[in-house]
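Written out below as structure tokens is the structure these notes cover.
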Amino acid sequence: MDKTQQRRIILASTSPRRKELIASLHLAFEVIPSHADEDTPPEWTPEQTVQELAMRKALAVYRGLEGREQDAVIVGSDTVVVLDGDILGKPVDEADAVRMLSRLQGRVHRVFTGVACIDAGNGQSMVQYRQTDVTMKELSDATIHAYVQTGEPSDKAGSYAIQGIGASLIERVEGCYFNVVGLPLSLLSDMLDGFGVHVLPRT
């Protein structure tokens, strides 16, 4: 195996879900929190929002390294849930989670995830996004409140976790499932190829 295939990944995220997903690719990686500014103008599209925030997160880590790290690729990612043109972020409290789920139930919404990669050695960068359509079941008020009481929605965009108990709320997924979890692995692997990091050997 040559040196470029041994490059480490630096994940600019503390999300346990993204850590689990990137670990599933069997690539050497470490986590460095980004602490990037996540404020965006309300007129930005979901595509603009997730790509800009993913790049901000990766750039914050890249600048913090100050050239100390050469043989690594920094990965930043951001996910939003969109319904009727509104971006639904993480709920501020249980009442907010109930409000979001009441809007989402019985409807199709879209999940956008942006992925940014930066070469820690030369600053070369790339950013792309994926979109997935998710249909949520029709839910009773009792079901929504019971789910919120589990605590699972508290730090999730759109107030649900498709990889957890929230899977029971979902009727259909059209597109990349991992995109909804928070890191589209097929897209990431394609992007990493451009930085000399190959999940599988190329012919």
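Order determines the names: the first chain of the structure tokens is A, the second B, and so forth; residues in each chain are numbered 1 upward, and ligands are numbered 1 upward as they are shown.
Around region 16-27 of chain A, within 7 Å and counting only C-alpha atoms, the residues found are A:Thr14, A:Phe29, A:Val181, A:Gly182, A:Leu183, A:Val199, once anything fewer than 2 positions away on its own chain is removed.
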Practice task
Mind the document's chain letters and residue numbers, and return as JSON, numbers by chain the residues of region 74-129 of chain A that DSSP labels helix (DSSP H, G or I).
Solution key: {"A": [94, 95, 96, 97, 98, 99, 100, 101, 102, 103, 104]}
Shell of 7 Å around Thr113 (chain A), only C-alpha atoms, local chain residues under 5 positions omitted, as a tab-separated table (two decimals) with N, CA, C and O atoms, in the first residue's frame:
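And here's around02.tsv as it stands now:
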chain	number	residue	atom	x	y	z
A	50	VAL	N	-25.92	23.84	3.53
A	50	VAL	CA	-25.15	22.67	3.98
A	50	VAL	C	-23.74	22.67	3.41
A	50	VAL	O	-22.79	22.24	4.09
A	77	SER	N	-18.98	18.26	7.63
A	77	SER	CA	-20.30	17.87	7.13
A	77	SER	C	-21.38	18.62	7.89
A	77	SER	O	-21.22	18.97	9.06
A	78	ASP	N	-22.51	18.86	7.20
A	78	ASP	CA	-23.64	19.50	7.83
A	78	ASP	C	-24.93	18.96	7.22
A	78	ASP	O	-24.99	18.75	6.00
A	79	THR	N	-25.95	18.76	8.07
A	79	THR	CA	-27.21	18.17	7.62
A	79	THR	C	-28.39	19.06	8.04
A	79	THR	O	-28.41	19.55	9.17
A	80	VAL	N	-29.34	19.24	7.13
A	80	VAL	CA	-30.57	19.96	7.47
A	80	VAL	C	-31.77	19.19	6.94
A	80	VAL	O	-31.68	18.44	5.97
A	129	TYR	N	-22.93	17.97	-2.12
A	129	TYR	CA	-24.05	17.64	-1.23
A	129	TYR	C	-24.87	16.51	-1.81
A	129	TYR	O	-24.78	16.18	-2.99
A	130	ARG	N	-25.66	15.89	-0.95
A	130	ARG	CA	-26.64	14.88	-1.35
A	130	ARG	C	-28.01	15.28	-0.82
A	130	ARG	O	-28.13	15.95	0.20
A	131	GLN	N	-29.04	14.83	-1.51
A	131	GLN	CA	-30.43	15.08	-1.11
A	131	GLN	C	-31.19	13.76	-1.05
A	131	GLN	O	-31.04	12.92	-1.93
A	179	ASN	N	-27.23	9.51	4.12
A	179	ASN	CA	-27.36	10.96	4.03
A	179	ASN	C	-28.27	11.47	5.14
A	179	ASN	O	-28.03	12.53	5.73
A	182	GLY	N	-26.50	11.46	8.46
A	182	GLY	CA	-25.62	12.61	8.62
A	182	GLY	C	-24.33	12.60	7.83
A	182	GLY	O	-23.58	13.58	7.87
A	183	LEU	N	-24.07	11.52	7.07
A	183	LEU	CA	-22.84	11.49	6.27
A	183	LEU	C	-23.03	10.51	5.11
A	183	LEU	O	-22.96	9.30	5.31
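For the set A:Val115, A:Ala120, A:Ser15, A:Pro41, the residue with the smallest atom-to-atom gap to Tyr62 (chain A) is A:Ala120, counting only C-alpha atoms.
Distances from A:Arg172, A:Ser159, A:Cys117, A:Thr150 to Asp190 (chain A) were compared using only C-alpha atoms, and the smallest one belongs to A:Cys117.
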Practice task
Please identify all polymer residues within 9 Å of Ala28 (chain A), counting only C-alpha atoms, omitting same-chain residues fewer than 4 positions from it, and present them as a PyMOL selection string.
Solution key: chain A and resi 6-10+23
How would the residues just chosen look if you wrote them out with N, CA, C and O atoms as a short mmCIF file (atom, residue, chain, number, x, y, z; two decimals), in the first residue's frame?
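File again26.cif, as written:
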data_model
loop_
_atom_site.label_atom_id
_atom_site.label_comp_id
_atom_site.auth_asym_id
_atom_site.auth_seq_id
_atom_site.Cartn_x
_atom_site.Cartn_y
_atom_site.Cartn_z
N GLN A 6 -2.52 5.69 2.86
CA GLN A 6 -2.44 5.63 4.31
C GLN A 6 -2.78 6.97 4.96
O GLN A 6 -2.66 7.12 6.17
N ARG A 7 -3.19 7.93 4.18
CA ARG A 7 -3.50 9.24 4.74
C ARG A 7 -4.63 9.13 5.75
O ARG A 7 -5.61 8.42 5.55
N ARG A 8 -4.50 9.86 6.83
CA ARG A 8 -5.53 9.85 7.86
C ARG A 8 -6.65 10.81 7.50
O ARG A 8 -6.47 11.75 6.74
N ILE A 9 -7.80 10.57 8.10
CA ILE A 9 -8.93 11.47 7.99
C ILE A 9 -9.06 12.23 9.30
O ILE A 9 -8.92 11.65 10.39
N ILE A 10 -9.29 13.52 9.21
CA ILE A 10 -9.63 14.33 10.39
C ILE A 10 -11.09 14.73 10.24
O ILE A 10 -11.45 15.46 9.32
N ALA A 23 -16.17 5.39 10.67
CA ALA A 23 -15.46 4.21 11.17
C ALA A 23 -15.82 2.96 10.37
O ALA A 23 -15.01 2.04 10.21
#
Exercise for the section: Identify, on the basis of only C-alpha atoms, every residue whose closest approach to Gly151 (chain A) does not exceed 12 Å; exclude the query and any residue fewer than 2 positions from it along the same chain; express the result as a PyMOL selection string. Expected result: chain A and resi 91+93-94+97-98+144-149+153-156+159-161+164-166
Give me, as a PDB file with C-alpha atoms, in the first residue's frame, the residues of region 14-193 of chain A that a backbone DSSP run labels strand (DSSP E or B).
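What follows is the written file part11.pdb:
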ATOM      1  CA  PHE A  29      -9.309   8.886  11.494  1.00  0.00           C
ATOM      2  CA  GLU A  30      -9.362  11.241  14.434  1.00  0.00           C
ATOM      3  CA  VAL A  31     -11.901  13.820  15.584  1.00  0.00           C
ATOM      4  CA  ALA A  72      -4.339  14.046   6.283  1.00  0.00           C
ATOM      5  CA  VAL A  73      -7.673  15.004   4.735  1.00  0.00           C
ATOM      6  CA  ILE A  74     -10.111  17.095   6.786  1.00  0.00           C
ATOM      7  CA  VAL A  75     -13.800  16.226   6.407  1.00  0.00           C
ATOM      8  CA  GLY A  76     -16.584  18.605   7.407  1.00  0.00           C
ATOM      9  CA  SER A  77     -20.298  17.871   7.132  1.00  0.00           C
ATOM     10  CA  ASP A  78     -23.643  19.505   7.833  1.00  0.00           C
ATOM     11  CA  THR A  79     -27.212  18.174   7.619  1.00  0.00           C
ATOM     12  CA  VAL A  80     -30.572  19.960   7.466  1.00  0.00           C
ATOM     13  CA  VAL A  81     -34.185  18.826   7.212  1.00  0.00           C
ATOM     14  CA  VAL A  82     -36.417  20.856   4.875  1.00  0.00           C
ATOM     15  CA  LEU A  83     -40.220  21.023   4.717  1.00  0.00           C
ATOM     16  CA  ASP A  86     -38.321  25.829   5.832  1.00  0.00           C
ATOM     17  CA  ILE A  87     -35.077  24.514   7.294  1.00  0.00           C
ATOM     18  CA  LEU A  88     -35.802  22.557  10.466  1.00  0.00           C
ATOM     19  CA  VAL A 108     -42.574  13.959   2.512  1.00  0.00           C
ATOM     20  CA  HIS A 109     -39.590  16.089   3.535  1.00  0.00           C
ATOM     21  CA  ARG A 110     -36.084  16.454   2.186  1.00  0.00           C
ATOM     22  CA  VAL A 111     -32.776  15.939   3.942  1.00  0.00           C
ATOM     23  CA  PHE A 112     -29.672  17.701   2.628  1.00  0.00           C
ATOM     24  CA  THR A 113     -26.129  16.917   3.749  1.00  0.00           C
ATOM     25  CA  GLY A 114     -23.096  18.855   2.612  1.00  0.00           C
ATOM     26  CA  VAL A 115     -19.624  17.293   2.647  1.00  0.00           C
ATOM     27  CA  ALA A 116     -16.377  19.259   2.412  1.00  0.00           C
ATOM     28  CA  CYS A 117     -12.862  17.844   2.103  1.00  0.00           C
ATOM     29  CA  ILE A 118      -9.624  19.828   2.539  1.00  0.00           C
ATOM     30  CA  ASP A 119      -6.092  18.539   1.973  1.00  0.00           C
ATOM     31  CA  SER A 125     -10.663  21.659  -1.219  1.00  0.00           C
ATOM     32  CA  MET A 126     -13.887  20.177  -2.569  1.00  0.00           C
ATOM     33  CA  VAL A 127     -17.509  20.481  -1.427  1.00  0.00           C
ATOM     34  CA  GLN A 128     -20.646  18.670  -2.598  1.00  0.00           C
ATOM     35  CA  TYR A 129     -24.045  17.644  -1.230  1.00  0.00           C
ATOM     36  CA  ARG A 130     -26.640  14.884  -1.350  1.00  0.00           C
ATOM     37  CA  GLN A 131     -30.432  15.081  -1.108  1.00  0.00           C
ATOM     38  CA  THR A 132     -32.783  12.365   0.152  1.00  0.00           C
ATOM     39  CA  ASP A 133     -36.584  12.357   0.258  1.00  0.00           C
ATOM     40  CA  VAL A 134     -38.093  10.896   3.431  1.00  0.00           C
ATOM     41  CA  THR A 135     -41.766  10.038   3.987  1.00  0.00           C
ATOM     42  CA  MET A 136     -42.888  10.035   7.616  1.00  0.00           C
ATOM     43  CA  ILE A 170     -40.452   6.460   8.777  1.00  0.00           C
ATOM     44  CA  GLU A 171     -42.479   4.960   5.948  1.00  0.00           C
ATOM     45  CA  ARG A 172     -40.108   5.364   3.006  1.00  0.00           C
ATOM     46  CA  VAL A 173     -36.660   6.667   2.069  1.00  0.00           C
ATOM     47  CA  GLU A 174     -35.852   7.660  -1.516  1.00  0.00           C
TER      48      GLU A 174
END
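Using only C-alpha atoms, the smallest distance between any of A:Gly106, A:Gly158, A:Glu52, A:Gly123 and Val180 (chain A) comes from A:Gly158.
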Practice task
Quick one: everything within 9 Å of region 63-65 of chain A, counting only C-alpha atoms, minus sequence neighbours fewer than 4 positions away in the same chain. Send it as a VMD selection string.
Solution key: chain A and resid 34 58 to 59 69 120
Written file, previous selection with N, CA and C atoms, as a PDB file, in the first residue's frame:
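Once written, again38.pdb looks like this:
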ATOM      1  N   SER A  34     -14.804  21.530  15.374  1.00  0.00           N
ATOM      2  CA  SER A  34     -14.534  22.693  14.531  1.00  0.00           C
ATOM      3  C   SER A  34     -14.840  24.024  15.209  1.00  0.00           C
ATOM      4  N   ALA A  58     -14.750  22.400   8.102  1.00  0.00           N
ATOM      5  CA  ALA A  58     -13.456  21.869   7.673  1.00  0.00           C
ATOM      6  C   ALA A  58     -12.379  22.954   7.701  1.00  0.00           C
ATOM      7  N   LEU A  59     -12.728  24.159   7.263  1.00  0.00           N
ATOM      8  CA  LEU A  59     -11.756  25.264   7.256  1.00  0.00           C
ATOM      9  C   LEU A  59     -11.315  25.653   8.662  1.00  0.00           C
ATOM     10  N   GLU A  69      -0.013  19.594  10.278  1.00  0.00           N
ATOM     11  CA  GLU A  69      -0.417  18.288   9.757  1.00  0.00           C
ATOM     12  C   GLU A  69      -0.366  18.314   8.238  1.00  0.00           C
ATOM     13  N   ALA A 120      -4.950  18.740   4.107  1.00  0.00           N
ATOM     14  CA  ALA A 120      -4.243  19.465   5.168  1.00  0.00           C
ATOM     15  C   ALA A 120      -2.863  19.923   4.736  1.00  0.00           C
TER      16      ALA A 120
END
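Counting only C-alpha atoms and comparing A:Pro201, A:Gly196, A:Pro46, A:Gly175, the residue that lies closest to Asp84 (chain A) is A:Pro46.
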